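One file, final_37.pdb, carrying PDB, C-alpha atoms and all ligand atoms:
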```
ATOM      1  CA  MET A   1      20.871  53.233  64.716  1.00  0.00           C
ATOM      2  CA  PRO A   2      19.041  56.443  65.635  1.00  0.00           C
ATOM      3  CA  SER A   3      20.244  56.096  69.230  1.00  0.00           C
ATOM      4  CA  GLU A   4      23.876  55.834  68.027  1.00  0.00           C
ATOM      5  CA  ARG A   5      23.404  58.982  65.976  1.00  0.00           C
ATOM      6  CA  ARG A   6      21.800  60.736  68.940  1.00  0.00           C
ATOM      7  CA  LEU A   7      24.713  59.651  71.159  1.00  0.00           C
ATOM      8  CA  PHE A   8      27.233  60.907  68.589  1.00  0.00           C
ATOM      9  CA  ILE A   9      25.488  64.270  68.305  1.00  0.00           C
ATOM     10  CA  LYS A  10      25.288  64.546  72.084  1.00  0.00           C
ATOM     11  CA  ARG A  11      29.026  63.833  72.499  1.00  0.00           C
ATOM     12  CA  ALA A  12      29.939  66.227  69.703  1.00  0.00           C
ATOM     13  CA  LEU A  13      27.815  68.940  71.294  1.00  0.00           C
ATOM     14  CA  TYR A  14      29.425  68.391  74.709  1.00  0.00           C
ATOM     15  CA  SER A  15      32.881  68.493  73.124  1.00  0.00           C
ATOM     16  CA  ILE A  16      32.139  71.778  71.377  1.00  0.00           C
ATOM     17  CA  LEU A  17      30.705  73.268  74.581  1.00  0.00           C
ATOM     18  CA  GLY A  18      33.742  72.047  76.511  1.00  0.00           C
ATOM     19  CA  VAL A  19      36.183  73.656  74.084  1.00  0.00           C
ATOM     20  CA  LEU A  20      34.186  76.895  74.037  1.00  0.00           C
ATOM     21  CA  GLY A  21      33.986  76.855  77.846  1.00  0.00           C
ATOM     22  CA  LEU A  22      37.756  76.489  78.196  1.00  0.00           C
ATOM     23  CA  GLY A  23      38.208  79.184  75.584  1.00  0.00           C
ATOM     24  CA  PHE A  24      36.321  81.611  77.830  1.00  0.00           C
ATOM     25  CA  LEU A  25      37.448  80.249  81.167  1.00  0.00           C
ATOM     26  CA  ILE A  26      41.203  80.508  80.630  1.00  0.00           C
ATOM     27  CA  PRO A  27      41.198  84.207  79.595  1.00  0.00           C
ATOM     28  CA  ALA A  28      38.758  84.943  82.428  1.00  0.00           C
ATOM     29  CA  ILE A  29      41.139  83.373  84.957  1.00  0.00           C
ATOM     30  CA  ARG A  30      44.034  85.361  83.503  1.00  0.00           C
ATOM     31  CA  ILE A  31      42.072  88.587  83.852  1.00  0.00           C
ATOM     32  CA  LEU A  32      40.815  87.908  87.362  1.00  0.00           C
ATOM     33  CA  ALA A  33      43.955  86.380  88.868  1.00  0.00           C
ATOM     34  CA  PRO A  34      46.520  88.917  90.081  1.00  0.00           C
ATOM     35  CA  PRO A  35      49.741  89.012  88.051  1.00  0.00           C
ATOM     36  CA  PRO A  36      52.722  87.325  89.655  1.00  0.00           C
ATOM     37  CA  ARG A  37      54.508  89.812  91.859  1.00  0.00           C
ATOM     38  CA  ARG A  38      57.862  90.698  90.407  1.00  0.00           C
ATOM     39  CA  GLU A  39      60.548  91.208  93.011  1.00  0.00           C
ATOM     40  CA  ARG A  40      61.938  94.646  92.278  1.00  0.00           C
ATOM     41  CA  ALA A  41      65.649  95.228  92.652  1.00  0.00           C
ATOM     42  CA  LEU A  42      66.956  97.462  95.448  1.00  0.00           C
ATOM     43  CA  VAL A  43      69.197 100.077  93.859  1.00  0.00           C
ATOM     44  CA  PHE A  44      71.199 102.684  95.779  1.00  0.00           C
ATOM     45  CA  PHE A  45      71.365 106.252  94.458  1.00  0.00           C
ATOM     46  CA  PRO A  46      73.612 109.043  95.776  1.00  0.00           C
ATOM     47  CA  LEU A  47      71.829 111.657  97.880  1.00  0.00           C
ATOM     48  CA  ILE A  48      74.347 114.026  99.499  1.00  0.00           C
ATOM     49  CA  SER A  49      77.975 114.052 100.458  1.00  0.00           C
ATOM     50  CA  GLU A  50      79.000 113.195 103.979  1.00  0.00           C
ATOM     51  CA  ASP A  51      80.168 116.805 104.435  1.00  0.00           C
ATOM     52  CA  ASN A  52      76.577 117.990 104.034  1.00  0.00           C
ATOM     53  CA  LEU A  53      75.096 115.704 106.667  1.00  0.00           C
ATOM     54  CA  PRO A  54      73.600 117.540 109.637  1.00  0.00           C
ATOM     55  CA  ARG A  55      75.703 117.150 112.799  1.00  0.00           C
ATOM     56  CA  SER A  56      72.501 116.527 114.647  1.00  0.00           C
ATOM     57  CA  GLY A  57      68.925 117.099 113.536  1.00  0.00           C
ATOM     58  CA  VAL A  58      67.170 117.045 110.192  1.00  0.00           C
ATOM     59  CA  ARG A  59      68.088 118.171 106.688  1.00  0.00           C
ATOM     60  CA  LYS A  60      65.665 118.246 103.781  1.00  0.00           C
ATOM     61  CA  ALA A  61      67.031 116.811 100.536  1.00  0.00           C
ATOM     62  CA  GLU A  62      65.826 115.718  97.139  1.00  0.00           C
ATOM     63  CA  LEU A  63      66.571 112.277  95.824  1.00  0.00           C
ATOM     64  CA  SER A  64      66.542 112.194  92.053  1.00  0.00           C
ATOM     65  CA  TYR A  65      67.195 109.206  89.854  1.00  0.00           C
ATOM     66  CA  THR A  66      66.211 107.809  86.491  1.00  0.00           C
ATOM     67  CA  VAL A  67      64.298 104.581  85.919  1.00  0.00           C
ATOM     68  CA  SER A  68      63.570 103.378  82.386  1.00  0.00           C
ATOM     69  CA  GLY A  69      64.327 106.835  81.027  1.00  0.00           C
ATOM     70  CA  ARG A  70      61.925 108.522  83.461  1.00  0.00           C
ATOM     71  CA  GLU A  71      63.319 110.999  85.978  1.00  0.00           C
ATOM     72  CA  ILE A  72      61.933 110.571  89.467  1.00  0.00           C
ATOM     73  CA  ARG A  73      62.296 113.088  92.285  1.00  0.00           C
ATOM     74  CA  ARG A  74      61.470 112.387  95.905  1.00  0.00           C
ATOM     75  CA  ARG A  75      61.682 114.726  98.838  1.00  0.00           C
ATOM     76  CA  VAL A  76      63.339 113.066 101.800  1.00  0.00           C
ATOM     77  CA  PHE A  77      64.691 114.016 105.210  1.00  0.00           C
ATOM     78  CA  VAL A  78      68.130 112.999 106.392  1.00  0.00           C
ATOM     79  CA  VAL A  79      68.014 112.592 110.159  1.00  0.00           C
ATOM     80  CA  VAL A  80      70.914 112.349 112.555  1.00  0.00           C
ATOM     81  CA  SER A  81      69.709 111.625 116.062  1.00  0.00           C
ATOM     82  CA  HIS A  82      70.668 109.564 119.097  1.00  0.00           C
ATOM     83  CA  SER A  83      69.271 106.571 117.134  1.00  0.00           C
ATOM     84  CA  GLY A  84      71.769 107.127 114.326  1.00  0.00           C
ATOM     85  CA  LEU A  85      71.601 108.242 110.710  1.00  0.00           C
ATOM     86  CA  TYR A  86      68.514 107.468 108.650  1.00  0.00           C
ATOM     87  CA  VAL A  87      66.518 108.753 105.685  1.00  0.00           C
ATOM     88  CA  LEU A  88      62.753 109.295 105.829  1.00  0.00           C
ATOM     89  CA  SER A  89      60.343 109.861 102.988  1.00  0.00           C
ATOM     90  CA  ALA A  90      58.514 113.196 103.164  1.00  0.00           C
ATOM     91  CA  VAL A  91      55.319 111.580 101.842  1.00  0.00           C
ATOM     92  CA  CYS A  92      52.561 111.482 104.440  1.00  0.00           C
ATOM     93  CA  SER A  93      51.123 108.006 104.963  1.00  0.00           C
ATOM     94  CA  HIS A  94      47.590 109.403 105.032  1.00  0.00           C
ATOM     95  CA  LEU A  95      46.934 110.783 101.555  1.00  0.00           C
ATOM     96  CA  GLY A  96      50.396 111.509 100.264  1.00  0.00           C
ATOM     97  CA  CYS A  97      50.966 115.211 101.003  1.00  0.00           C
ATOM     98  CA  LEU A  98      54.526 116.292 101.696  1.00  0.00           C
ATOM     99  CA  VAL A  99      55.299 116.826 105.368  1.00  0.00           C
ATOM    100  CA  ASN A 100      57.479 119.605 106.799  1.00  0.00           C
ATOM    101  CA  TYR A 101      59.881 119.457 109.700  1.00  0.00           C
ATOM    102  CA  ARG A 102      59.182 121.650 112.756  1.00  0.00           C
ATOM    103  CA  ARG A 103      62.518 122.097 114.450  1.00  0.00           C
ATOM    104  CA  GLU A 104      61.098 123.647 117.634  1.00  0.00           C
ATOM    105  CA  LYS A 105      58.905 120.600 118.298  1.00  0.00           C
ATOM    106  CA  LYS A 106      61.192 118.047 116.646  1.00  0.00           C
ATOM    107  CA  GLU A 107      58.219 116.774 114.675  1.00  0.00           C
ATOM    108  CA  PHE A 108      57.173 116.302 111.078  1.00  0.00           C
ATOM    109  CA  VAL A 109      53.830 117.973 110.382  1.00  0.00           C
ATOM    110  CA  CYS A 110      51.546 117.402 107.441  1.00  0.00           C
ATOM    111  CA  PRO A 111      49.945 120.604 106.108  1.00  0.00           C
ATOM    112  CA  CYS A 112      46.928 118.792 104.647  1.00  0.00           C
ATOM    113  CA  HIS A 113      45.121 117.313 107.660  1.00  0.00           C
ATOM    114  CA  GLY A 114      47.464 118.018 110.554  1.00  0.00           C
ATOM    115  CA  GLY A 115      49.095 114.610 110.791  1.00  0.00           C
ATOM    116  CA  ARG A 116      52.180 114.581 113.027  1.00  0.00           C
ATOM    117  CA  TYR A 117      55.196 112.296 113.227  1.00  0.00           C
ATOM    118  CA  ASP A 118      58.024 112.219 115.747  1.00  0.00           C
ATOM    119  CA  ILE A 119      61.656 112.543 114.671  1.00  0.00           C
ATOM    120  CA  SER A 120      61.896 108.801 114.079  1.00  0.00           C
ATOM    121  CA  GLY A 121      58.991 109.064 111.610  1.00  0.00           C
ATOM    122  CA  ARG A 122      56.464 107.381 113.902  1.00  0.00           C
ATOM    123  CA  ASN A 123      52.904 108.675 113.451  1.00  0.00           C
ATOM    124  CA  ILE A 124      51.879 110.309 116.732  1.00  0.00           C
ATOM    125  CA  ALA A 125      48.763 112.377 115.981  1.00  0.00           C
ATOM    126  CA  GLY A 126      46.116 113.004 113.369  1.00  0.00           C
ATOM    127  CA  PRO A 127      44.912 110.726 110.594  1.00  0.00           C
ATOM    128  CA  PRO A 128      48.159 109.118 109.318  1.00  0.00           C
ATOM    129  CA  PRO A 129      47.725 105.353 109.683  1.00  0.00           C
ATOM    130  CA  ALA A 130      51.417 104.471 109.492  1.00  0.00           C
ATOM    131  CA  PRO A 131      54.903 105.899 110.033  1.00  0.00           C
ATOM    132  CA  LEU A 132      56.863 107.749 107.370  1.00  0.00           C
ATOM    133  CA  THR A 133      58.706 105.349 105.107  1.00  0.00           C
ATOM    134  CA  MET A 134      62.319 104.835 106.108  1.00  0.00           C
ATOM    135  CA  PHE A 135      64.608 104.246 103.138  1.00  0.00           C
ATOM    136  CA  PRO A 136      67.555 101.880 103.311  1.00  0.00           C
ATOM    137  CA  SER A 137      70.723 103.971 103.308  1.00  0.00           C
ATOM    138  CA  LYS A 138      74.472 103.574 103.478  1.00  0.00           C
ATOM    139  CA  LEU A 139      77.552 105.743 103.648  1.00  0.00           C
ATOM    140  CA  GLU A 140      80.154 104.831 101.082  1.00  0.00           C
ATOM    141  CA  ALA A 141      83.252 106.782 100.001  1.00  0.00           C
ATOM    142  CA  GLY A 142      81.945 109.963 101.605  1.00  0.00           C
ATOM    143  CA  ILE A 143      78.522 109.799  99.945  1.00  0.00           C
ATOM    144  CA  LEU A 144      75.172 108.955 101.515  1.00  0.00           C
ATOM    145  CA  TYR A 145      73.308 106.546  99.271  1.00  0.00           C
ATOM    146  CA  VAL A 146      69.596 105.825  99.475  1.00  0.00           C
ATOM    147  CA  GLY A 147      68.085 102.504  98.419  1.00  0.00           C
ATOM    148  CA  VAL A 148      64.962 102.420  96.287  1.00  0.00           C
ATOM    149  CA  ARG A 149      63.137  99.455  94.778  1.00  0.00           C
ATOM    150  CA  VAL A 150      62.981  99.943  91.003  1.00  0.00           C
TER     151      VAL A 150
HETATM  152 FE1  LIG B 201      48.856 114.069 105.648  1.00  0.00          FE
HETATM  153 FE2  LIG B 201      46.245 113.772 105.474  1.00  0.00          FE
HETATM  154  S1  LIG B 201      47.687 113.772 103.881  1.00  0.00           S
HETATM  155  S2  LIG B 201      47.444 114.092 107.247  1.00  0.00           S
END
```

Can you give me the file's structure in the form of structure tokens?
Ligand code: FES
Amino acid sequence: MPSERRLFIKRALYSILGVLGLGFLIPAIRILAPPPRRERALVFFPLISEDNLPRSGVRKAELSYTVSGREIRRRVFVVVSHSGLYVLSAVCSHLGCLVNYRREKKEFVCPCHGGRYDISGRNIAGPPPAPLTMFPSKLEAGILYVGVRV
């Protein structure tokens, strides 16, 4: 009889520990595991009219749009070159300063640490580890639209 009681107590104790363990383990896994990555929608916003595109070269522009009631502004460069028409972000890939365009050298130059990019946005000198971001873009009904993931 005492051994049956001991066995019962032992099983009850293990059950309680098991439930408590799961109670801590499941929230711990939720905290430690990365949240599922939500695929953000690509939305196109108007940037400038076709009439304001540079014939050849670079034009600075500001993309502004609203997401969830919050207004967002991004400096971009519209480039028309032998490779076509494209839109580059002005945000340096090093630490996020805004780059400027140097027409005489046909380069984008970062004022913070001297990073340089060629006209296609490729990083060519200094600390930037990656090219400037190229936004998806399209011309529609005389307007240049820029795609942003929101
Ligand atoms: Fe542009 Fe460092 S932030 S080079």

The PyMOL selection byres (((chain A and resi 81) around 9) and not hetatm) on the file shown: which residues, as a tab-separated table (two decimals) with C-alpha atoms, keeping the file's coordinate frame?
```tsv
chain	number	residue	atom	x	y	z
A	55	ARG	CA	75.70	117.15	112.80
A	56	SER	CA	72.50	116.53	114.65
A	57	GLY	CA	68.92	117.10	113.54
A	58	VAL	CA	67.17	117.04	110.19
A	79	VAL	CA	68.01	112.59	110.16
A	80	VAL	CA	70.91	112.35	112.56
A	82	HIS	CA	70.67	109.56	119.10
A	83	SER	CA	69.27	106.57	117.13
A	84	GLY	CA	71.77	107.13	114.33
A	85	LEU	CA	71.60	108.24	110.71
A	86	TYR	CA	68.51	107.47	108.65
A	119	ILE	CA	61.66	112.54	114.67
A	120	SER	CA	61.90	108.80	114.08
```

Take the PyMOL selection byres (((not hetatm)) within 6 of (chain B and resi 201)), run it mentally on this structure, and tell me the resulting residues as a compact mmCIF listing (two decimals) with C-alpha atoms, keeping the file's coordinate frame.
```
# COMPACT_ATOMS: atom_id res chain seq x y z
CA CYS A 92 52.56 111.48 104.44
CA HIS A 94 47.59 109.40 105.03
CA LEU A 95 46.93 110.78 101.56
CA GLY A 96 50.40 111.51 100.26
CA CYS A 97 50.97 115.21 101.00
CA CYS A 110 51.55 117.40 107.44
CA CYS A 112 46.93 118.79 104.65
CA HIS A 113 45.12 117.31 107.66
CA GLY A 114 47.46 118.02 110.55
CA GLY A 115 49.10 114.61 110.79
CA PRO A 127 44.91 110.73 110.59
CA PRO A 128 48.16 109.12 109.32
```

**Message:** Need the shell around Asn100 (chain A): protein/DNA/RNA residues with any atom at most 12 Å away, counting only C-alpha atoms. Skip same-chain ones fewer than 3 positions apart. Format as a PyMOL selection string?
**Reply:** chain A and resi 58-61+75-77+88-92+97+103+105-112+114-119+121+132

**Prompt:** Smallest atom-to-atom distance to Ser137 (chain A): which of A:Ile9, A:Leu42, A:Arg70, A:Val87, using all atoms listed in the file?
**Reply:** A:Val87

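A straight line drawn from CA of Arg40 (chain A) to CA of Val150 (chain A) is 5.5 Å long.
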
**Prompt:** Quick one: distance from CA of Asp51 (chain A) to CA of Gly142 (chain A) in Å, one decimal?
**Reply:**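 Pair CA of Asp51 (chain A) / CA of Gly142 (chain A) returns 7.6 Å.
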
**Top pick for closest residue to Val146 (chain A), considering A:Ile124, A:Leu47, A:Ala12, A:Leu7 and counting all atoms listed in the file** =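 Of A:Ile124, A:Leu47, A:Ala12, A:Leu7, the one nearest Val146 (chain A), counting all atoms listed in the file, is A:Leu47.
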
**Request:** Between CA of Glu62 (chain A) and CA of Met134 (chain A), measure the distance and give it in Å to one decimal.
**Result:** 14.5 Å

**Prompt:** Counting all atoms listed in the file, which of A:Val148, A:Ala141, A:Ala125, A:Leu53 gets nearest to Arg74 (chain A)?
**Reply:**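 When distances to Arg74 (chain A) are compared using all atoms listed in the file, the smallest one comes from A:Val148.
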
**Message:** Which residue is closest to Lys138 (chain A)? Choose from A:Gly126, A:Glu39, A:Pro46, A:Arg6 and count all atoms listed in the file.
**Reply:** A:Pro46
